[in-house]
file entry35.tsv (TSV, C-alpha atoms)
chain	number	residue	atom	x	y	z
A	831	MET	CA	130.07	91.96	70.98
A	832	SER	CA	130.23	94.75	73.59
A	833	ASP	CA	132.71	94.74	76.46
A	834	ASP	CA	129.87	94.14	78.92
A	835	ARG	CA	128.75	91.10	76.92
A	836	LYS	CA	132.30	89.76	76.84
A	837	LYS	CA	132.51	90.02	80.63
A	838	LEU	CA	129.52	87.68	80.95
A	839	LYS	CA	131.72	84.87	79.63
A	840	ASP	CA	133.66	85.01	82.90
A	841	THR	CA	130.68	84.95	85.27
A	842	ARG	CA	130.46	81.94	87.55
A	843	ARG	CA	127.22	82.37	89.50
A	844	TRP	CA	123.80	83.03	87.97
A	845	VAL	CA	120.19	83.25	89.06
A	846	VAL	CA	117.82	82.17	86.28
A	847	LYS	CA	114.13	82.99	86.56
A	848	ILE	CA	111.64	81.17	84.33
A	849	GLY	CA	108.20	82.75	84.00
A	850	SER	CA	104.72	81.26	83.97
A	851	ALA	CA	104.11	82.08	80.31
A	852	LEU	CA	107.07	79.85	79.41
A	853	LEU	CA	106.41	77.02	81.84
A	854	THR	CA	102.72	76.48	81.20
A	855	ASP	CA	100.84	75.70	78.02
A	856	ASN	CA	98.46	78.65	78.28
A	857	GLY	CA	97.44	77.39	81.71
A	858	CYS	CA	96.94	73.80	80.56
A	859	GLY	CA	99.75	72.03	82.42
A	860	LEU	CA	103.51	72.31	82.18
A	861	LYS	CA	105.56	72.36	78.99
A	862	HIS	CA	107.76	69.39	79.89
A	863	GLU	CA	109.67	69.40	76.63
A	864	LEU	CA	110.74	73.03	77.04
A	865	LEU	CA	111.54	72.47	80.72
A	866	ASP	CA	113.83	69.60	79.76
A	867	ASN	CA	115.63	71.90	77.32
A	868	TRP	CA	116.30	74.55	79.98
A	869	VAL	CA	117.55	71.89	82.36
A	870	LYS	CA	119.84	70.53	79.63
A	871	GLN	CA	121.33	74.01	79.15
A	872	ILE	CA	121.73	74.53	82.90
A	873	VAL	CA	123.57	71.21	83.26
A	874	ALA	CA	125.83	72.18	80.35
A	875	LEU	CA	126.63	75.47	82.08
A	876	ASN	CA	127.27	73.63	85.35
A	877	ASP	CA	129.83	71.57	83.46
A	878	ARG	CA	131.53	74.85	82.50
A	879	GLY	CA	131.80	75.77	86.19
A	880	ILE	CA	128.77	78.08	86.32
A	881	GLU	CA	126.61	77.71	89.43
A	882	ILE	CA	122.91	78.39	88.86
A	883	VAL	CA	119.97	79.00	91.17
A	884	ILE	CA	116.60	78.61	89.46
A	885	VAL	CA	113.68	80.80	90.45
A	886	SER	CA	110.64	79.18	88.95
A	887	SER	CA	107.13	80.49	88.45
A	888	GLY	CA	104.31	78.21	87.40
A	889	ALA	CA	102.97	76.73	90.64
A	890	VAL	CA	99.67	78.60	90.60
A	891	ALA	CA	99.23	78.14	86.84
A	892	GLU	CA	99.96	74.41	87.13
A	893	GLY	CA	97.55	74.15	90.06
A	894	VAL	CA	94.83	75.92	88.09
A	895	ALA	CA	95.30	73.37	85.29
A	896	ARG	CA	95.36	70.38	87.66
A	897	LEU	CA	92.19	71.55	89.38
A	898	GLY	CA	90.43	72.02	86.04
A	899	TRP	CA	89.79	75.74	86.51
A	900	LYS	CA	89.46	77.83	83.37
A	901	THR	CA	90.96	81.03	84.76
A	902	ARG	CA	93.33	82.09	87.53
A	903	PRO	CA	91.25	82.88	90.65
A	904	ASN	CA	91.35	86.21	92.49
A	905	ILE	CA	90.35	84.94	95.92
A	906	ILE	CA	93.35	84.50	98.22
A	907	HIS	CA	92.49	81.07	99.63
A	908	GLU	CA	91.83	79.69	96.14
A	909	LEU	CA	95.19	81.04	94.92
A	910	GLN	CA	96.86	79.43	97.93
A	911	ALA	CA	95.18	76.11	97.17
A	912	ALA	CA	96.21	76.28	93.51
A	913	ALA	CA	99.80	77.04	94.55
A	914	ALA	CA	99.90	74.09	96.95
A	915	VAL	CA	98.58	71.68	94.31
A	916	GLY	CA	100.70	73.10	91.50
A	917	GLN	CA	103.95	73.17	93.46
A	918	MET	CA	103.85	69.38	93.65
A	919	GLY	CA	103.74	69.04	89.87
A	920	LEU	CA	106.29	71.79	89.31
A	921	ILE	CA	108.98	70.28	91.54
A	922	GLN	CA	108.26	66.77	90.30
A	923	ALA	CA	108.84	67.95	86.72
A	924	TYR	CA	112.17	69.57	87.62
A	925	GLU	CA	113.27	66.50	89.57
A	926	VAL	CA	112.56	64.18	86.66
A	927	CYS	CA	114.42	66.42	84.20
A	928	PHE	CA	117.53	66.83	86.36
A	929	GLN	CA	117.68	63.14	87.24
A	930	LYS	CA	118.22	62.38	83.55
A	931	TYR	CA	121.59	64.07	83.95
A	932	GLY	CA	122.41	62.61	87.36
A	933	LYS	CA	121.78	65.91	89.16
A	934	HIS	CA	120.03	66.40	92.49
A	935	THR	CA	117.52	69.21	93.07
A	936	ALA	CA	116.32	71.02	96.18
A	937	GLN	CA	113.10	72.92	96.79
A	938	ILE	CA	113.42	76.29	98.54
A	939	LEU	CA	110.20	78.14	99.37
A	940	LEU	CA	110.67	81.68	100.66
A	941	THR	CA	108.29	84.13	102.32
A	942	HIS	CA	108.51	87.78	103.27
A	943	ASP	CA	109.41	86.75	106.82
A	944	ASP	CA	112.48	84.93	105.52
A	945	ILE	CA	113.71	88.22	104.05
A	946	ALA	CA	112.55	90.50	106.90
A	947	ASN	CA	114.07	88.42	109.72
A	948	ARG	CA	117.84	88.86	109.81
A	949	ALA	CA	118.58	85.37	111.19
A	950	ARG	CA	116.31	83.63	108.66
A	951	TYR	CA	117.78	85.75	105.85
A	952	LEU	CA	121.26	84.54	106.76
A	953	ASN	CA	120.00	80.96	107.09
A	954	ALA	CA	118.53	81.11	103.58
A	955	ARG	CA	121.81	82.54	102.28
A	956	THR	CA	123.84	79.77	103.94
A	957	SER	CA	121.47	77.06	102.73
A	958	LEU	CA	121.64	78.21	99.10
A	959	ASN	CA	125.43	78.56	99.19
A	960	THR	CA	125.75	75.07	100.66
A	961	LEU	CA	123.51	73.53	98.00
A	962	LEU	CA	125.53	75.19	95.24
A	963	ALA	CA	128.77	73.94	96.77
A	964	LEU	CA	127.31	70.41	96.75
A	965	GLY	CA	126.43	70.67	93.06
A	966	VAL	CA	122.69	70.59	93.78
A	967	ALA	CA	120.27	72.64	91.66
A	968	PRO	CA	118.14	74.84	93.99
A	969	ILE	CA	114.60	75.49	92.74
A	970	VAL	CA	113.27	78.62	94.46
A	971	ASN	CA	109.71	79.91	94.57
A	972	GLU	CA	107.68	82.13	96.85
A	973	ASN	CA	105.62	80.11	99.32
A	974	ASP	CA	102.32	81.14	97.73
A	975	SER	CA	100.34	78.60	99.74
A	976	VAL	CA	100.80	80.71	102.90
A	977	ALA	CA	101.50	84.19	101.47
A	978	THR	CA	98.88	86.94	101.39
A	979	ASP	CA	98.89	90.26	99.56
A	980	GLU	CA	99.92	92.04	102.76
A	981	ILE	CA	103.08	89.94	103.25
A	982	ARG	CA	103.86	88.95	99.67
A	983	LEU	CA	107.36	89.46	98.32
A	984	GLY	CA	105.67	90.33	95.04
A	985	ASP	CA	106.30	88.75	91.67
A	986	ASN	CA	109.01	86.19	90.94
A	987	ASP	CA	111.11	88.76	89.08
A	988	THR	CA	111.51	90.57	92.39
A	989	LEU	CA	112.11	87.28	94.18
A	990	ALA	CA	114.82	86.37	91.66
A	991	ALA	CA	116.56	89.70	92.25
A	992	LEU	CA	116.43	89.18	96.02
A	993	VAL	CA	117.90	85.71	95.55
A	994	ALA	CA	120.66	87.25	93.42
A	995	ASN	CA	121.44	89.50	96.39
A	996	LEU	CA	121.32	86.52	98.75
A	997	VAL	CA	123.92	84.49	96.87
A	998	ASP	CA	125.97	87.40	95.43
A	999	ALA	CA	125.18	86.33	91.86
A	1000	GLU	CA	127.10	87.94	89.03
A	1001	LEU	CA	124.22	87.61	86.56
A	1002	LEU	CA	120.43	87.56	86.80
A	1003	VAL	CA	118.67	86.06	83.77
A	1004	LEU	CA	114.94	86.75	83.47
A	1005	LEU	CA	113.51	84.36	80.89
A	1006	THR	CA	110.21	85.41	79.37
A	1007	ASP	CA	108.11	84.86	76.26
A	1008	GLN	CA	109.52	88.04	74.70
A	1009	GLU	CA	112.95	88.52	73.12
A	1010	GLY	CA	113.67	91.34	75.54
A	1011	LEU	CA	112.63	94.95	76.13
A	1012	PHE	CA	111.42	96.74	73.00
A	1013	THR	CA	110.82	100.42	72.29
A	1014	ALA	CA	107.16	99.50	71.69
A	1015	ASN	CA	104.96	96.43	71.68
A	1016	PRO	CA	106.39	94.42	68.74
A	1017	SER	CA	103.09	92.62	68.17
A	1018	LEU	CA	101.34	95.94	67.61
A	1019	ASP	CA	104.09	98.16	66.21
A	1020	SER	CA	106.27	96.94	63.33
A	1021	THR	CA	108.81	99.71	64.00
A	1022	ALA	CA	109.53	98.46	67.54
A	1023	LYS	CA	113.22	97.86	68.16
A	1024	LEU	CA	114.90	95.59	70.68
A	1025	ILE	CA	116.91	97.49	73.27
A	1026	GLU	CA	120.09	95.44	73.34
A	1027	GLU	CA	121.82	97.22	76.21
A	1028	ALA	CA	120.99	99.91	78.78
A	1029	LYS	CA	121.77	100.94	82.33
A	1030	ALA	CA	119.70	99.38	85.09
A	1031	GLY	CA	117.60	102.09	86.69
A	1032	ASP	CA	117.41	104.30	83.60
A	1033	LYS	CA	114.04	106.06	84.01
A	1034	ALA	CA	113.61	106.31	80.24
A	1035	LEU	CA	113.10	102.54	80.04
A	1036	GLU	CA	109.89	102.64	82.09
A	1037	SER	CA	107.93	104.16	79.21
A	1038	TYR	CA	108.56	100.96	77.20
A	1039	ALA	CA	107.42	98.56	79.93
A	1040	GLY	CA	104.06	96.79	79.95
A	1041	GLU	CA	102.12	94.76	82.49
A	1042	GLY	CA	101.94	91.03	83.23
A	1043	GLY	CA	99.69	88.44	81.65
A	1044	SER	CA	96.79	86.44	83.09
A	1045	LEU	CA	98.94	83.53	84.30
A	1046	GLY	CA	101.55	85.52	86.20
A	1047	ARG	CA	102.07	88.76	88.11
A	1048	GLY	CA	105.17	89.91	86.25
A	1049	GLY	CA	105.68	92.19	83.26
A	1050	MET	CA	108.52	94.24	81.81
A	1051	ARG	CA	107.99	96.86	84.51
A	1052	THR	CA	108.69	94.32	87.24
A	1053	LYS	CA	111.76	93.12	85.37
A	1054	LEU	CA	113.17	96.63	85.27
A	1055	LYS	CA	112.52	96.95	89.00
A	1056	ALA	CA	114.21	93.58	89.57
A	1057	ALA	CA	117.29	94.77	87.67
A	1058	VAL	CA	117.61	97.74	90.04
A	1059	ILE	CA	117.37	95.45	93.07
A	1060	ALA	CA	120.02	93.18	91.53
A	1061	THR	CA	122.47	96.09	91.30
A	1062	ARG	CA	122.74	96.06	95.11
A	1063	SER	CA	124.93	92.98	94.81
A	1064	GLY	CA	126.67	94.30	91.68
A	1065	THR	CA	124.61	91.90	89.55
A	1066	GLN	CA	124.03	92.44	85.82
A	1067	THR	CA	120.60	91.51	84.39
A	1068	ILE	CA	119.51	90.03	81.07
A	1069	ILE	CA	115.88	89.89	79.92
A	1070	ALA	CA	115.66	87.26	77.20
A	1071	SER	CA	113.38	84.81	75.44
A	1072	GLY	CA	113.03	81.36	76.93
A	1073	ASN	CA	111.62	80.06	73.65
A	1074	ASP	CA	115.08	79.86	72.08
A	1075	ASN	CA	116.57	76.40	72.60
A	1076	SER	CA	120.02	77.82	73.38
A	1077	THR	CA	119.39	81.17	75.08
A	1078	LEU	CA	121.43	80.37	78.21
A	1079	ILE	CA	124.34	78.95	76.20
A	1080	LYS	CA	124.39	82.04	73.96
A	1081	ILE	CA	124.45	84.32	77.01
A	1082	ALA	CA	127.38	82.39	78.46
A	1083	ASP	CA	129.18	82.75	75.11
A	1084	GLY	CA	128.74	86.53	75.22
A	1085	GLU	CA	126.34	86.70	72.27
A	1086	ASN	CA	123.88	89.58	71.84
A	1087	VAL	CA	120.83	87.91	73.33
A	1088	GLY	CA	117.92	89.85	74.80
A	1089	THR	CA	118.31	93.10	76.73
A	1090	LEU	CA	121.35	93.50	78.96
A	1091	LEU	CA	120.84	95.89	81.89
A	1092	THR	CA	124.23	96.83	83.23
A	1093	THR	CA	125.48	98.36	86.47
A	1094	ASN	CA	128.73	99.96	87.45
A	1095	LYS	CA	127.79	100.07	91.12
A	1096	GLU	CA	129.99	98.37	93.65
A	1097	PRO	CA	128.18	95.65	95.64
A	1098	ILE	CA	126.96	96.83	99.02
A	1099	THR	CA	127.47	94.70	102.12
A	1100	ALA	CA	125.13	91.79	102.77
A	1101	ARG	CA	123.77	93.58	105.84
A	1102	LYS	CA	122.88	96.71	103.88
A	1103	GLN	CA	121.40	94.61	101.07
A	1104	TRP	CA	119.11	93.11	103.68
A	1105	LEU	CA	118.10	96.59	104.87
A	1106	ALA	CA	117.43	97.78	101.32
A	1107	ASN	CA	115.34	94.73	100.45
A	1108	GLN	CA	112.69	95.19	103.12
A	1109	SER	CA	109.31	95.87	101.51
A	1110	HIS	CA	107.13	96.26	104.60
A	1111	LEU	CA	108.25	99.05	106.93
A	1112	LEU	CA	106.38	99.87	110.13
A	1113	GLY	CA	107.18	103.55	110.38
A	1114	ALA	CA	108.91	106.62	109.02
A	1115	VAL	CA	110.64	109.78	110.18
A	1116	THR	CA	110.60	113.05	108.25
A	1117	LEU	CA	113.98	114.78	108.16
A	1118	ASP	CA	114.92	118.45	108.00
A	1119	ASP	CA	117.27	119.71	105.30
A	1120	GLY	CA	120.30	119.58	107.59
A	1121	ALA	CA	119.76	115.92	108.42
A	1122	ILE	CA	119.35	115.05	104.74
A	1123	VAL	CA	122.68	116.69	103.92
A	1124	ALA	CA	124.34	114.93	106.88
A	1125	LEU	CA	123.15	111.54	105.62
A	1126	THR	CA	123.54	111.94	101.86
A	1127	LYS	CA	126.61	114.16	101.60
A	1128	ASN	CA	128.60	113.61	104.78
A	1129	GLY	CA	127.94	109.94	105.57
A	1130	LYS	CA	126.73	110.73	109.08
A	1131	SER	CA	124.33	108.92	111.42
A	1132	LEU	CA	120.78	110.17	111.90
A	1133	LEU	CA	120.43	112.20	115.11
A	1134	PRO	CA	117.07	112.94	116.78
A	1135	VAL	CA	117.67	116.69	116.39
A	1136	GLY	CA	117.23	116.35	112.62
A	1137	ILE	CA	113.77	114.76	112.81
A	1138	ARG	CA	110.59	116.79	112.34
A	1139	VAL	CA	107.81	114.17	112.16
A	1140	VAL	CA	107.48	110.58	113.40
A	1141	SER	CA	104.80	108.30	111.93
A	1142	GLY	CA	103.85	104.66	112.40
A	1143	ASP	CA	104.15	102.25	115.31
A	1144	PHE	CA	107.57	100.66	115.58
A	1145	LYS	CA	109.84	99.11	118.18
A	1146	ARG	CA	113.53	99.51	118.90
A	1147	GLY	CA	115.56	97.46	116.41
A	1148	GLU	CA	112.94	97.57	113.63
A	1149	ILE	CA	113.53	99.05	110.19
A	1150	ILE	CA	112.03	102.45	109.47
A	1151	SER	CA	112.09	104.79	106.50
A	1152	CYS	CA	113.72	108.24	106.45
A	1153	VAL	CA	111.86	110.64	104.16
A	1154	ASP	CA	112.03	114.27	103.08
A	1155	LYS	CA	109.20	116.80	103.47
A	1156	ALA	CA	107.59	115.57	100.23
A	1157	GLY	CA	107.55	111.96	101.46
A	1158	ASN	CA	110.38	110.74	99.21
A	1159	GLU	CA	112.53	108.08	100.85
A	1160	ILE	CA	116.10	109.19	101.47
A	1161	ALA	CA	117.30	106.24	103.54
A	1162	ARG	CA	116.18	103.45	105.84
A	1163	GLY	CA	117.69	101.71	108.82
A	1164	LEU	CA	117.42	100.08	112.24
A	1165	THR	CA	116.08	102.45	114.86
A	1166	ASN	CA	117.59	102.70	118.35
A	1167	TYR	CA	114.33	104.05	119.78
A	1168	ASP	CA	110.67	103.01	119.53
A	1169	SER	CA	108.02	105.28	118.00
A	1170	ILE	CA	106.82	106.64	121.37
A	1171	GLN	CA	110.33	107.63	122.40
A	1172	ALA	CA	111.10	108.98	118.92
A	1173	LYS	CA	108.14	111.37	119.12
A	1174	LEU	CA	109.34	112.62	122.50
A	1175	ILE	CA	112.93	113.27	121.40
A	1176	MET	CA	112.52	114.45	117.80
A	1177	GLY	CA	114.17	117.80	117.25
A	1178	LYS	CA	115.97	117.56	120.60
A	1179	SER	CA	119.65	117.72	121.50
A	1180	ASN	CA	121.36	114.94	123.45
A	1181	LYS	CA	121.20	116.94	126.68
A	1182	GLU	CA	117.45	117.50	126.24
A	1183	ILE	CA	116.91	113.79	125.40
A	1184	GLU	CA	118.56	112.72	128.64
A	1185	GLU	CA	116.29	115.07	130.59
A	1186	ILE	CA	113.15	113.83	128.77
A	1187	LEU	CA	113.85	110.08	128.96
A	1188	GLY	CA	115.85	110.07	132.17
A	1189	GLN	CA	118.78	108.53	130.29
A	1190	LEU	CA	120.51	108.59	126.91
A	1191	ASP	CA	120.65	105.07	125.49
A	1192	GLU	CA	122.12	106.03	122.12
A	1193	ASP	CA	123.29	109.32	120.58
A	1194	GLU	CA	121.80	108.35	117.21
A	1195	LEU	CA	118.28	107.41	116.23
A	1196	ILE	CA	119.90	105.35	113.46
A	1197	HIS	CA	123.64	104.67	113.39
A	1198	ARG	CA	125.26	104.96	109.98
A	1199	ASP	CA	126.38	101.30	110.17
A	1200	ASN	CA	122.69	100.35	110.33
A	1201	LEU	CA	121.54	102.78	107.62
A	1202	ILE	CA	121.45	102.64	103.84
A	1203	LEU	CA	120.71	105.44	101.39
A	1204	THR	CA	117.94	104.63	98.95
call {"tool": "encode", "arguments": {"input": "entry35.tsv", "output": "structure tokens"}}
result
Amino acid sequence: MSDDRKKLKDTRRWVVKIGSALLTDNGCGLKHELLDNWVKQIVALNDRGIEIVIVSSGAVAEGVARLGWKTRPNIIHELQAAAAVGQMGLIQAYEVCFQKYGKHTAQILLTHDDIANRARYLNARTSLNTLLALGVAPIVNENDSVATDEIRLGDNDTLAALVANLVDAELLVLLTDQEGLFTANPSLDSTAKLIEEAKAGDKALESYAGEGGSLGRGGMRTKLKAAVIATRSGTQTIIASGNDNSTLIKIADGENVGTLLTTNKEPITARKQWLANQSHLLGAVTLDDGAIVALTKNGKSLLPVGIRVVSGDFKRGEIISCVDKAGNEIARGLTNYDSIQAKLIMGKSNKEIEEILGQLDEDELIHRDNLILT
């Protein structure tokens, strides 16, 4: 048992994500027996003092089964309809299972707007923390019945990582139909080995990752991405099989289950987590070399004089990306000027800005308190 595994025995707040491949019987309804087993384990962990938020896939797959469709549709409005129908069965199944153990459940449906809007982000955080304090089991899913590709949070691995940030979870468990991350596809290569432990964000792991199946959007690649997002709140990640009847218990006991993706990063503030987690940015500014050094090495704010190009259409107070000449993101943050003003003042000193705009509202385009390096 490694030291990192031993530390998991002391964790007290988890986010557990259960994927579509586990929840549905190849698209033909929910696997109620397996669901009951996961709930039984979660209740047992609750009794140990471990708080758990569940992020559950399966709504679309359950809806497809209920509607009698043979395959998952590709048309947005049909996917939304399947999600709306399937969500009813999914939550009902969880409610029935938890009631056997005298536990209450709560449904939380999140959208991109709930993450992008600062007030709604904080409301979601408060709501989840309150439910956990009350001993209620929160069941989280993306609100697929209203989401579109343009405003989608993504897959539920990503959602689970964002929820881990929201509630400052110590551990993110991504349950799948595989034992963990292997060096090759174990069903095709008999020499494939399970990677028991690695650092979240290790680029070498990406070569081992595959894509998602027909019932869900996730795959190993999305799980690796989720692990990186989880590090923003100092959260460790485990990718493990949900087919084992005691996976969660074994993890809590520190056993070598699945792939543990570790982090030694200190948690960043909730505000900067929120900045980092925005997936839809309305604009970008290209920085010169001096500005990049000021941000990355010296911890300074971004001044207009260090900007060479302004792109996009954004308003004051919106989040924009800061990129280098090659388009690689260096940082992101809340802008003090809109895109029209930013184009007028880029490359200018404070004295010149005051002459151009007639006044100097802020010295910085982005203050360092409202900026996060990426």
call {"tool": "residues_near_point", "arguments": {"input": "entry35.tsv", "point": "(113.9, 116.4, 110.4)", "cutoff": "10 Å", "atoms": "only C-alpha atoms", "output": "PyMOL selection string"}}
result
chain A and resi 1115-1122+1132-1140+1152-1155+1176-1177
call {"tool": "closest_residue", "arguments": {"input": "entry35.tsv", "among": "A:Cys927, A:Ile1160, A:Leu1112, A:Leu1091", "to": "Asp866 of chain A", "atoms": "all atoms listed in the file"}}
result
A:Cys927
call {"tool": "atom_distance", "arguments": {"input": "entry35.tsv", "atom1": "atom CA of Thr1204 of chain A", "atom2": "atom CA of Asn1107 of chain A"}}
result
10.3 Å
call {"tool": "atom_distance", "arguments": {"input": "entry35.tsv", "atom1": "atom CA of Val883 of chain A", "atom2": "atom CA of His1110 of chain A"}}
result
25.4 Å
call {"tool": "closest_residue", "arguments": {"input": "entry35.tsv", "among": "A:Asn1158, A:Ser1037, A:Thr1021, A:Ser850", "to": "Glu892 of chain A", "atoms": "all atoms listed in the file"}}
result
A:Ser850
call {"tool": "atom_distance", "arguments": {"input": "entry35.tsv", "atom1": "atom CA of Asn904 of chain A", "atom2": "atom CA of Lys1055 of chain A"}}
result
24.0 Å
